[in-house]
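**Student:** Okay, so here is target34.cif, and as you'll see once you scroll down, it has mmCIF, C-alpha atoms (C1' of nucleotides).
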```
data_target
loop_
_atom_site.group_PDB
_atom_site.id
_atom_site.type_symbol
_atom_site.label_atom_id
_atom_site.label_comp_id
_atom_site.auth_asym_id
_atom_site.auth_seq_id
_atom_site.Cartn_x
_atom_site.Cartn_y
_atom_site.Cartn_z
ATOM 1 C CA MET A 1 -33.795 -37.970 -10.111
ATOM 2 C CA PRO A 2 -34.697 -36.680 -6.769
ATOM 3 C CA GLU A 3 -34.368 -33.479 -4.934
ATOM 4 C CA LEU A 4 -35.962 -32.854 -1.594
ATOM 5 C CA PRO A 5 -39.544 -32.628 -2.913
ATOM 6 C CA GLU A 6 -39.254 -35.951 -4.713
ATOM 7 C CA VAL A 7 -37.834 -37.613 -1.624
ATOM 8 C CA GLU A 8 -40.565 -36.143 0.555
ATOM 9 C CA VAL A 9 -43.229 -37.265 -1.927
ATOM 10 C CA SER A 10 -41.724 -40.753 -1.789
ATOM 11 C CA ARG A 11 -41.769 -40.644 2.005
ATOM 12 C CA MET A 12 -45.414 -39.674 2.124
ATOM 13 C CA GLY A 13 -46.303 -42.359 -0.398
ATOM 14 C CA ILE A 14 -44.512 -45.094 1.481
ATOM 15 C CA GLU A 15 -45.443 -44.260 5.050
ATOM 16 C CA PRO A 16 -49.066 -45.453 5.162
ATOM 17 C CA HIS A 17 -48.111 -48.842 3.711
ATOM 18 C CA VAL A 18 -45.238 -49.657 6.039
ATOM 19 C CA LEU A 19 -45.963 -47.917 9.333
ATOM 20 C CA ASP A 20 -46.398 -50.502 12.123
ATOM 21 C CA GLN A 21 -45.767 -53.287 9.607
ATOM 22 C CA LYS A 22 -43.303 -55.952 10.655
ATOM 23 C CA VAL A 23 -40.380 -56.508 8.280
ATOM 24 C CA VAL A 24 -40.230 -60.158 7.251
ATOM 25 C CA ALA A 25 -37.233 -60.029 4.896
ATOM 26 C CA VAL A 26 -34.614 -57.771 3.377
ATOM 27 C CA VAL A 27 -33.594 -59.070 -0.039
ATOM 28 C CA ILE A 28 -30.433 -57.691 -1.587
ATOM 29 C CA ARG A 29 -29.799 -58.545 -5.221
ATOM 30 C CA ASN A 30 -26.901 -56.159 -5.746
ATOM 31 C CA LYS A 31 -25.120 -54.732 -2.738
ATOM 32 C CA GLN A 32 -22.860 -52.471 -4.807
ATOM 33 C CA LEU A 33 -24.581 -49.132 -4.522
ATOM 34 C CA ARG A 34 -22.594 -45.991 -3.795
ATOM 35 C CA TRP A 35 -21.255 -47.871 -0.802
ATOM 36 C CA PRO A 36 -21.627 -51.614 -0.255
ATOM 37 C CA ILE A 37 -24.834 -52.322 1.628
ATOM 38 C CA PRO A 38 -23.822 -53.307 5.189
ATOM 39 C CA ASP A 39 -24.993 -56.636 6.620
ATOM 40 C CA GLU A 40 -26.577 -54.782 9.533
ATOM 41 C CA VAL A 41 -29.573 -53.843 7.375
ATOM 42 C CA HIS A 42 -30.904 -57.331 8.105
ATOM 43 C CA LEU A 43 -31.395 -56.228 11.710
ATOM 44 C CA LEU A 44 -34.584 -54.653 10.409
ATOM 45 C CA VAL A 45 -36.143 -58.113 10.050
ATOM 46 C CA GLY A 46 -38.564 -59.036 12.816
ATOM 47 C CA SER A 47 -39.383 -55.535 13.984
ATOM 48 C CA PRO A 48 -42.209 -53.241 12.957
ATOM 49 C CA ILE A 49 -41.467 -49.899 11.306
ATOM 50 C CA THR A 50 -42.090 -47.225 13.915
ATOM 51 C CA ALA A 51 -41.641 -44.192 11.681
ATOM 52 C CA VAL A 52 -40.718 -43.140 8.161
ATOM 53 C CA THR A 53 -38.719 -39.942 8.365
ATOM 54 C CA ARG A 54 -36.614 -37.764 6.111
ATOM 55 C CA ARG A 55 -33.444 -35.771 6.752
ATOM 56 C CA ALA A 56 -32.156 -33.829 3.738
ATOM 57 C CA LYS A 57 -32.525 -36.320 0.868
ATOM 58 C CA TYR A 58 -32.134 -39.338 3.140
ATOM 59 C CA LEU A 59 -35.137 -41.477 4.060
ATOM 60 C CA MET A 60 -35.148 -43.420 7.308
ATOM 61 C CA LEU A 61 -37.208 -46.504 8.069
ATOM 62 C CA GLU A 62 -37.052 -46.626 11.830
ATOM 63 C CA SER A 63 -37.356 -49.633 14.097
ATOM 64 C CA GLU A 64 -36.444 -50.428 17.705
ATOM 65 C CA LYS A 65 -33.151 -51.968 16.543
ATOM 66 C CA GLY A 66 -32.133 -49.031 14.404
ATOM 67 C CA SER A 67 -32.894 -47.356 11.106
ATOM 68 C CA ALA A 68 -32.443 -48.275 7.496
ATOM 69 C CA ILE A 69 -31.187 -45.209 5.642
ATOM 70 C CA LEU A 70 -32.070 -44.830 1.974
ATOM 71 C CA HIS A 71 -30.702 -42.336 -0.514
ATOM 72 C CA LEU A 72 -31.906 -42.262 -4.106
ATOM 73 C CA GLY A 73 -28.836 -40.682 -5.686
ATOM 74 C CA MET A 74 -29.530 -39.489 -9.221
ATOM 75 C CA SER A 75 -31.671 -42.295 -10.547
ATOM 76 C CA GLY A 76 -33.138 -44.130 -7.563
ATOM 77 C CA LYS A 77 -36.841 -44.937 -7.357
ATOM 78 C CA LEU A 78 -38.891 -46.508 -4.613
ATOM 79 C CA ARG A 79 -42.091 -48.385 -5.241
ATOM 80 C CA ILE A 80 -44.607 -50.039 -2.980
ATOM 81 C CA ILE A 81 -45.799 -53.153 -4.759
ATOM 82 C CA ASP A 82 -47.118 -56.628 -4.206
ATOM 83 C CA LYS A 83 -44.460 -59.215 -3.463
ATOM 84 C CA ALA A 84 -45.499 -61.127 -6.581
ATOM 85 C CA VAL A 85 -44.582 -58.322 -8.996
ATOM 86 C CA PRO A 86 -41.729 -59.604 -11.190
ATOM 87 C CA VAL A 87 -38.270 -58.229 -10.516
ATOM 88 C CA GLU A 88 -36.937 -55.913 -13.202
ATOM 89 C CA LYS A 89 -33.491 -54.759 -14.196
ATOM 90 C CA HIS A 90 -31.844 -52.597 -11.517
ATOM 91 C CA ASP A 91 -34.247 -53.718 -8.786
ATOM 92 C CA HIS A 92 -31.458 -53.983 -6.218
ATOM 93 C CA VAL A 93 -33.268 -54.192 -2.883
ATOM 94 C CA ASP A 94 -36.607 -55.403 -1.509
ATOM 95 C CA ILE A 95 -37.871 -54.807 1.993
ATOM 96 C CA GLU A 96 -40.742 -57.221 2.527
ATOM 97 C CA PHE A 97 -43.504 -56.615 5.019
ATOM 98 C CA GLU A 98 -45.954 -58.780 6.884
ATOM 99 C CA ASN A 99 -48.855 -57.401 4.845
ATOM 100 C CA GLY A 100 -47.449 -58.872 1.609
ATOM 101 C CA LEU A 101 -46.227 -55.561 0.281
ATOM 102 C CA VAL A 102 -42.678 -54.850 -0.747
ATOM 103 C CA LEU A 103 -40.677 -51.643 -0.772
ATOM 104 C CA ARG A 104 -38.510 -52.062 -3.870
ATOM 105 C CA LEU A 105 -35.492 -49.923 -4.724
ATOM 106 C CA ASN A 106 -34.624 -49.541 -8.393
ATOM 107 C CA ASP A 107 -31.514 -47.530 -9.212
ATOM 108 C CA PRO A 108 -29.862 -47.853 -12.653
ATOM 109 C CA ARG A 109 -26.869 -45.642 -11.900
ATOM 110 C CA ARG A 110 -26.371 -46.960 -8.363
ATOM 111 C CA PHE A 111 -25.427 -43.594 -6.904
ATOM 112 C CA GLY A 112 -27.994 -44.264 -4.216
ATOM 113 C CA ALA A 113 -27.319 -45.815 -0.835
ATOM 114 C CA PHE A 114 -28.819 -48.260 1.626
ATOM 115 C CA LEU A 115 -27.164 -47.917 5.012
ATOM 116 C CA TRP A 116 -27.757 -48.720 8.644
ATOM 117 C CA GLN A 117 -27.904 -46.556 11.722
ATOM 118 C CA GLU A 118 -27.933 -48.031 15.241
ATOM 119 C CA ALA A 119 -30.816 -46.956 17.454
ATOM 120 C CA GLY A 120 -29.895 -43.741 19.220
ATOM 121 C CA GLN A 121 -26.921 -43.128 16.934
ATOM 122 C CA GLN A 122 -26.487 -40.613 14.156
ATOM 123 C CA HIS A 123 -24.883 -41.825 10.949
ATOM 124 C CA SER A 124 -21.736 -39.865 10.110
ATOM 125 C CA LEU A 125 -23.234 -38.800 6.780
ATOM 126 C CA LEU A 126 -26.015 -36.973 8.627
ATOM 127 C CA LEU A 127 -23.820 -35.258 11.180
ATOM 128 C CA LYS A 128 -22.669 -32.231 9.229
ATOM 129 C CA LEU A 129 -25.888 -31.398 7.434
ATOM 130 C CA GLY A 130 -27.302 -27.883 7.516
ATOM 131 C CA PRO A 131 -30.907 -27.062 8.427
ATOM 132 C CA GLU A 132 -34.006 -28.315 6.679
ATOM 133 C CA PRO A 133 -35.190 -25.648 4.220
ATOM 134 C CA LEU A 134 -38.828 -25.895 5.248
ATOM 135 C CA THR A 135 -38.211 -25.224 8.924
ATOM 136 C CA ASP A 136 -37.741 -21.925 10.749
ATOM 137 C CA GLU A 137 -34.144 -22.909 11.400
ATOM 138 C CA PHE A 138 -33.470 -21.961 7.793
ATOM 139 C CA ASP A 139 -33.883 -18.201 7.538
ATOM 140 C CA ASP A 140 -32.440 -15.171 5.793
ATOM 141 C CA LYS A 141 -30.277 -14.287 8.771
ATOM 142 C CA ARG A 142 -28.488 -17.611 8.610
ATOM 143 C CA LEU A 143 -28.116 -17.460 4.833
ATOM 144 C CA PHE A 144 -26.722 -13.945 4.980
ATOM 145 C CA GLU A 145 -24.258 -14.608 7.769
ATOM 146 C CA LYS A 146 -22.987 -17.856 6.292
ATOM 147 C CA SER A 147 -22.426 -16.136 2.957
ATOM 148 C CA ARG A 148 -20.040 -13.441 4.176
ATOM 149 C CA ASN A 149 -16.519 -13.922 2.750
ATOM 150 C CA LYS A 150 -17.818 -16.498 0.277
ATOM 151 C CA THR A 151 -16.455 -15.736 -3.159
ATOM 152 C CA GLY A 152 -18.102 -18.545 -5.108
ATOM 153 C CA PRO A 153 -21.368 -18.217 -7.048
ATOM 154 C CA VAL A 154 -24.559 -17.951 -5.006
ATOM 155 C CA LYS A 155 -25.937 -20.973 -6.850
ATOM 156 C CA ASN A 156 -23.213 -23.210 -5.431
ATOM 157 C CA PHE A 157 -23.731 -21.622 -2.051
ATOM 158 C CA ILE A 158 -27.414 -22.545 -1.777
ATOM 159 C CA MET A 159 -26.668 -26.057 -3.072
ATOM 160 C CA ASP A 160 -24.087 -26.591 -0.302
ATOM 161 C CA ASN A 161 -25.438 -29.075 2.246
ATOM 162 C CA HIS A 162 -23.630 -27.294 5.065
ATOM 163 C CA VAL A 163 -25.640 -24.157 4.335
ATOM 164 C CA VAL A 164 -29.058 -25.693 3.756
ATOM 165 C CA VAL A 165 -29.996 -29.211 2.696
ATOM 166 C CA GLY A 166 -32.218 -30.363 -0.103
ATOM 167 C CA VAL A 167 -31.715 -27.627 -2.684
ATOM 168 C CA GLY A 168 -30.565 -29.427 -5.810
ATOM 169 C CA ASN A 169 -29.967 -28.227 -9.334
ATOM 170 C CA ILE A 170 -33.569 -27.810 -10.442
ATOM 171 C CA TYR A 171 -34.769 -25.893 -7.427
ATOM 172 C CA ALA A 172 -31.615 -23.797 -7.173
ATOM 173 C CA ASN A 173 -32.220 -22.579 -10.723
ATOM 174 C CA GLU A 174 -35.912 -21.975 -10.097
ATOM 175 C CA SER A 175 -35.472 -20.211 -6.762
ATOM 176 C CA LEU A 176 -32.786 -17.859 -8.074
ATOM 177 C CA PHE A 177 -34.977 -16.942 -11.032
ATOM 178 C CA LYS A 178 -37.946 -16.197 -8.801
ATOM 179 C CA ALA A 179 -35.750 -14.123 -6.513
ATOM 180 C CA GLY A 180 -34.273 -12.200 -9.468
ATOM 181 C CA ILE A 181 -30.697 -13.077 -8.517
ATOM 182 C CA ASP A 182 -27.991 -13.854 -11.086
ATOM 183 C CA PRO A 183 -26.768 -17.371 -10.186
ATOM 184 C CA ARG A 184 -23.167 -16.353 -10.965
ATOM 185 C CA ARG A 185 -23.085 -13.533 -8.445
ATOM 186 C CA PRO A 186 -20.599 -14.088 -5.586
ATOM 187 C CA ALA A 187 -22.514 -15.272 -2.530
ATOM 188 C CA GLY A 188 -20.692 -12.851 -0.235
ATOM 189 C CA LYS A 189 -21.783 -9.809 -2.208
ATOM 190 C CA ILE A 190 -25.518 -10.237 -1.908
ATOM 191 C CA SER A 191 -27.459 -8.027 0.487
ATOM 192 C CA LYS A 192 -29.456 -9.238 3.434
ATOM 193 C CA LYS A 193 -32.600 -7.945 1.802
ATOM 194 C CA ARG A 194 -32.015 -10.069 -1.285
ATOM 195 C CA TYR A 195 -31.255 -13.128 0.831
ATOM 196 C CA GLN A 196 -34.574 -12.573 2.549
ATOM 197 C CA LEU A 197 -36.338 -12.839 -0.810
ATOM 198 C CA LEU A 198 -34.231 -15.833 -1.833
ATOM 199 C CA THR A 199 -35.064 -17.635 1.395
ATOM 200 C CA GLU A 200 -38.758 -17.073 0.757
ATOM 201 C CA LYS A 201 -38.504 -18.309 -2.821
ATOM 202 C CA ILE A 202 -36.602 -21.455 -1.860
ATOM 203 C CA LYS A 203 -39.245 -22.337 0.706
ATOM 204 C CA GLU A 204 -42.093 -21.473 -1.645
ATOM 205 C CA THR A 205 -40.656 -23.432 -4.571
ATOM 206 C CA LEU A 206 -39.925 -26.560 -2.541
ATOM 207 C CA ALA A 207 -43.313 -26.478 -0.835
ATOM 208 C CA LEU A 208 -45.149 -26.092 -4.130
ATOM 209 C CA ALA A 209 -43.155 -28.911 -5.706
ATOM 210 C CA ILE A 210 -44.082 -31.239 -2.846
ATOM 211 C CA LYS A 211 -47.713 -30.265 -3.261
ATOM 212 C CA GLN A 212 -47.531 -31.063 -6.987
ATOM 213 C CA GLY A 213 -46.052 -34.486 -6.338
ATOM 214 C CA GLY A 214 -42.488 -33.658 -7.321
ATOM 215 C CA THR A 215 -40.862 -33.110 -10.694
ATOM 216 C CA THR A 216 -41.033 -35.840 -13.306
ATOM 217 C CA LEU A 217 -38.339 -35.301 -15.901
ATOM 218 C CA LYS A 218 -37.336 -38.668 -17.228
ATOM 219 C CA ASP A 219 -38.069 -41.234 -14.661
ATOM 220 C CA PHE A 220 -39.292 -39.908 -11.355
ATOM 221 C CA THR A 221 -42.527 -41.490 -10.236
ATOM 222 C CA GLN A 222 -44.287 -41.370 -6.950
ATOM 223 C CA SER A 223 -44.304 -44.612 -4.995
ATOM 224 C CA ASP A 224 -47.627 -45.531 -6.609
ATOM 225 C CA GLY A 225 -45.992 -45.252 -10.034
ATOM 226 C CA ASN A 226 -47.693 -41.980 -10.968
ATOM 227 C CA PRO A 227 -45.593 -39.073 -12.192
ATOM 228 C CA GLY A 228 -45.139 -35.767 -10.395
ATOM 229 C CA TYR A 229 -46.546 -32.666 -11.956
ATOM 230 C CA PHE A 230 -44.090 -29.955 -10.974
ATOM 231 C CA ALA A 231 -42.304 -30.161 -14.357
ATOM 232 C CA GLN A 232 -45.151 -28.055 -15.742
ATOM 233 C CA GLU A 233 -44.226 -25.323 -13.302
ATOM 234 C CA LEU A 234 -40.557 -25.075 -14.217
ATOM 235 C CA LEU A 235 -39.728 -21.545 -15.325
ATOM 236 C CA VAL A 236 -36.053 -21.866 -16.252
ATOM 237 C CA TYR A 237 -34.706 -25.384 -15.662
ATOM 238 C CA GLY A 238 -34.410 -27.158 -19.019
ATOM 239 C CA ARG A 239 -35.554 -24.020 -20.867
ATOM 240 C CA GLY A 240 -32.204 -22.611 -22.011
ATOM 241 C CA GLY A 241 -32.592 -20.791 -25.341
ATOM 242 C CA LYS A 242 -36.333 -20.362 -24.842
ATOM 243 C CA ALA A 243 -38.153 -17.191 -23.901
ATOM 244 C CA CYS A 244 -38.206 -15.918 -20.344
ATOM 245 C CA THR A 245 -41.735 -16.209 -18.987
ATOM 246 C CA ASN A 246 -41.382 -12.764 -17.478
ATOM 247 C CA CYS A 247 -39.663 -10.552 -20.067
ATOM 248 C CA GLU A 248 -39.586 -12.675 -23.238
ATOM 249 C CA SER A 249 -35.815 -12.360 -23.682
ATOM 250 C CA THR A 250 -33.853 -15.531 -24.394
ATOM 251 C CA LEU A 251 -32.851 -17.579 -21.340
ATOM 252 C CA LEU A 252 -29.115 -18.187 -21.108
ATOM 253 C CA GLU A 253 -27.610 -21.558 -20.248
ATOM 254 C CA VAL A 254 -24.160 -21.823 -18.709
ATOM 255 C CA LYS A 255 -22.258 -24.261 -16.525
ATOM 256 C CA ILE A 256 -21.694 -23.395 -12.899
ATOM 257 C CA GLY A 257 -19.809 -26.003 -10.903
ATOM 258 C CA GLN A 258 -20.289 -28.537 -13.714
ATOM 259 C CA ARG A 259 -24.073 -28.190 -13.521
ATOM 260 C CA ALA A 260 -26.441 -26.792 -16.105
ATOM 261 C CA THR A 261 -27.547 -23.335 -15.052
ATOM 262 C CA VAL A 262 -30.328 -21.420 -16.771
ATOM 263 C CA PHE A 263 -31.181 -17.824 -16.079
ATOM 264 C CA CYS A 264 -32.530 -14.614 -17.564
ATOM 265 C CA LYS A 265 -29.968 -11.864 -17.988
ATOM 266 C CA GLY A 266 -32.718 -9.270 -17.881
ATOM 267 C CA CYS A 267 -34.593 -10.461 -14.821
ATOM 268 C CA GLN A 268 -31.694 -11.733 -12.713
ATOM 269 C CA ARG A 269 -29.059 -9.336 -11.443
ATOM 270 C "C1'" DC B 1 -10.073 -23.240 6.296
ATOM 271 C "C1'" DT B 2 -12.073 -22.650 1.258
ATOM 272 C "C1'" DT B 3 -12.828 -23.624 -3.591
ATOM 273 C "C1'" DG B 4 -12.824 -26.393 -7.560
ATOM 274 C "C1'" DT B 5 -12.586 -30.889 -9.873
ATOM 275 C "C1'" DC B 6 -13.167 -35.726 -10.174
ATOM 276 C "C1'" DA B 7 -15.337 -39.966 -9.459
ATOM 277 C "C1'" DC B 8 -18.910 -43.281 -9.025
ATOM 278 C "C1'" DC B 9 -22.549 -45.762 -13.022
ATOM 279 C "C1'" DT B 10 -26.095 -46.601 -16.604
ATOM 280 C "C1'" DG B 11 -28.969 -45.066 -20.266
ATOM 281 C "C1'" DA B 12 -30.868 -41.712 -23.542
ATOM 282 C "C1'" DG B 13 -30.227 -38.782 -27.321
ATOM 283 C "C1'" DC B 14 -27.691 -36.910 -31.017
ATOM 284 C "C1'" DG B 15 -24.549 -36.486 -35.142
ATOM 285 C "C1'" DC B 16 -22.271 -39.138 -38.406
ATOM 286 C "C1'" DT C 1 -28.106 -50.055 -37.173
ATOM 287 C "C1'" DG C 2 -24.086 -48.869 -34.926
ATOM 288 C "C1'" DC C 3 -20.445 -46.105 -32.871
ATOM 289 C "C1'" DG C 4 -18.733 -42.441 -30.123
ATOM 290 C "C1'" DC C 5 -19.714 -38.589 -27.743
ATOM 291 C "C1'" DT C 6 -22.305 -35.677 -24.269
ATOM 292 C "C1'" DC C 7 -25.497 -35.197 -20.795
ATOM 293 C "C1'" DA C 8 -28.425 -36.340 -16.574
ATOM 294 C "C1'" DG C 9 -32.232 -34.583 -10.692
ATOM 295 C "C1'" DG C 10 -26.183 -36.115 -5.988
ATOM 296 C "C1'" DT C 11 -22.440 -35.728 -3.186
ATOM 297 C "C1'" DG C 12 -18.130 -37.615 -0.878
ATOM 298 C "C1'" DA C 13 -13.198 -37.413 -1.538
ATOM 299 C "C1'" DC C 14 -9.384 -35.205 -2.732
ATOM 300 C "C1'" DA C 15 -6.077 -31.525 -4.644
ATOM 301 C "C1'" DA C 16 -4.730 -26.947 -4.857
#
```
What's the structure tokens form of this structure?
**Tutor:**
Amino acid sequence: MPELPEVEVSRMGIEPHVLDQKVVAVVIRNKQLRWPIPDEVHLLVGSPITAVTRRAKYLMLESEKGSAILHLGMSGKLRIIDKAVPVEKHDHVDIEFENGLVLRLNDPRRFGAFLWQEAGQQHSLLLKLGPEPLTDEFDDKRLFEKSRNKTGPVKNFIMDNHVVVGVGNIYANESLFKAGIDPRRPAGKISKKRYQLLTEKIKETLALAIKQGGTTLKDFTQSDGNPGYFAQELLVYGRGGKACTNCESTLLEVKIGQRATVFCKGCQR
DNA sequence: CTTGTCACCTGAGCGC
DNA sequence: TGCGCTCAGGTGACAA
């Protein structure tokens, strides 16, 4: 399900309901997510949430004791609901708050994670992450320099979390189309000028997607249960075999690094 | 070091 | 209806 925009939309949806709210219970129905949920997550109980933050596609519920770290994997969804709402299939975790609301994690494929980070510590998963795409730390200079000597396709390069975080399959496809770059082109052979455009398009695409409430394909919903509307803006993702919106030629679909890749042979070089 | 492949898991959609 | 197959928005772990 979620790429950075969907996670950020979830964060914004959750924050007003849980900020400064004391956690009264953490209910775990199935601890077998990508990793077993550690017992330490119960340390959240009794303290108010001091912040809801995001790093890459990880969400952090912070408290004085430490932070609960949530990752939605491919199929995870978070909802803010009343405690009385009946539990459904794949509702693995509830975080209950003093105000009677519950943050409920539903994740059919269980590629998501629910982990714990001691106050003042940095979880090992977060240590090696590259810069946030929507900050000034992510710029064309960095992209260009990191790409030298890279022989693999540029699409894999921009999806590499060491290079920049939060660019998943949808937005990699979309950004490369908007920048007019063939996703198969070796990352090390792209000019600085073209990386400048790509950097702009990545930022622009992610920012627009957040504004639209994320991309609803099958099952993404915002934390209020409403869908995101960015799917209407998709120019190439999921449109293999259809006409390019720019030149009308047929969009090609190939696999790059096991992932569906759609591009226009005419517009992307 | 880099690069590529596999694995984790469930559900939807398709052809037969 | 049912079976078997493929595919799906992520990413750590491992092999080469």
**Student:** If you count only C-alpha atoms (C1' of nucleotides), which residues fall within 10 Å of A:Asp91, apart from same-chain ones fewer than 2 positions away, as a list in words?
**Tutor:** Ile28, Arg29, Asn30, Gly76, Lys77, Leu78, Pro86, Val87, Glu88, Lys89, Val93, Asp94, Arg104, Leu105, Asn106, Asp107 and Pro108 of chain A
**Student:** If you count all atoms listed in the file, which residues fall within 9 Å of A:Gly100, apart from same-chain ones fewer than 2 positions away, as a list in words?
**Tutor:**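 Returned residues: Ile81, Asp82, Lys83, Ala84, Glu96, Phe97, Glu98 and Val102 of chain A.
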**Student:** To verify the selection step, state as a PyMOL selection string which residues the PyMOL selection byres ((chain B) within 9 of (chain A)) yields on this input.
**Tutor:** chain B and resi 2-5+8-11
**Student:** Determine the residue membership of the PyMOL selection byres ((chain C) within 12 of (chain A)) for the file above and supply it as a ChimeraX atom specification.
**Tutor:** /C:7-12
**Student:** One decimal, Å: what's the distance from atom CA of A:Lys146 over to atom CA of A:Ile190, could you say?
**Tutor:** 11.5 Å
**Student:** Fewer than 2 positions away in the same chain doesn't count, so skip those; otherwise give me all residues within 12 Å of A:Glu40, counting only C-alpha atoms (C1' of nucleotides), as a list in words.
**Tutor:**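 My list of contacting residues is Val26, Pro36, Ile37, Pro38, His42, Leu43, Leu44, Val45, Lys65, Gly66, Ser67, Ala68, Ile69, Phe114, Leu115, Trp116, Gln117, Glu118 and Ala119 of chain A.
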**Student:** Find the distance between atom CA of A:Ile256 and atom CA of A:Cys244 and write it in Å to one decimal.
**Tutor:**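 Computing it gives 19.6 Å between the two atoms.
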**Student:** Record the distance separating atom CA of A:Ala56 and atom CA of A:Val165, expressed in Å with one decimal.
**Tutor:** 5.2 Å
**Student:** Please give the centre and size of the box around stretch 3-8 of chain B (axis-aligned, containing every atom listed in the file, 6 Å added per side), with values in Å to one decimal and written as AutoDock Vina command-line options.
**Tutor:**
```
--center_x -15.7 --center_y -33.5 --center_z -6.9 --size_x 18.3 --size_y 31.7 --size_z 18.6
```
**Student:** Do you know which residues the PyMOL selection byres ((chain A and resi 205-210) around 8) returns on this file, as a ChimeraX atom specification?
**Tutor:** /A:4-6,8-9,134,171,174-175,201-204,211-215,230
**Student:** So that I can see what lies close to A:Glu200, please list as a ChimeraX atom specification the residues with an atom at most 10 Å from it, counting all atoms listed in the file and leaving out residues fewer than 6 positions away in the same chain.
**Tutor:** /A:133-134,139-140,175,178-179,194
**Student:** For B:DG15, work out the shell of residues within 12 Å, counting only C-alpha atoms (C1' of nucleotides) and skipping chain neighbours fewer than 4 positions away, then give it as a PyMOL selection string.
**Tutor:** chain C and resi 3-6
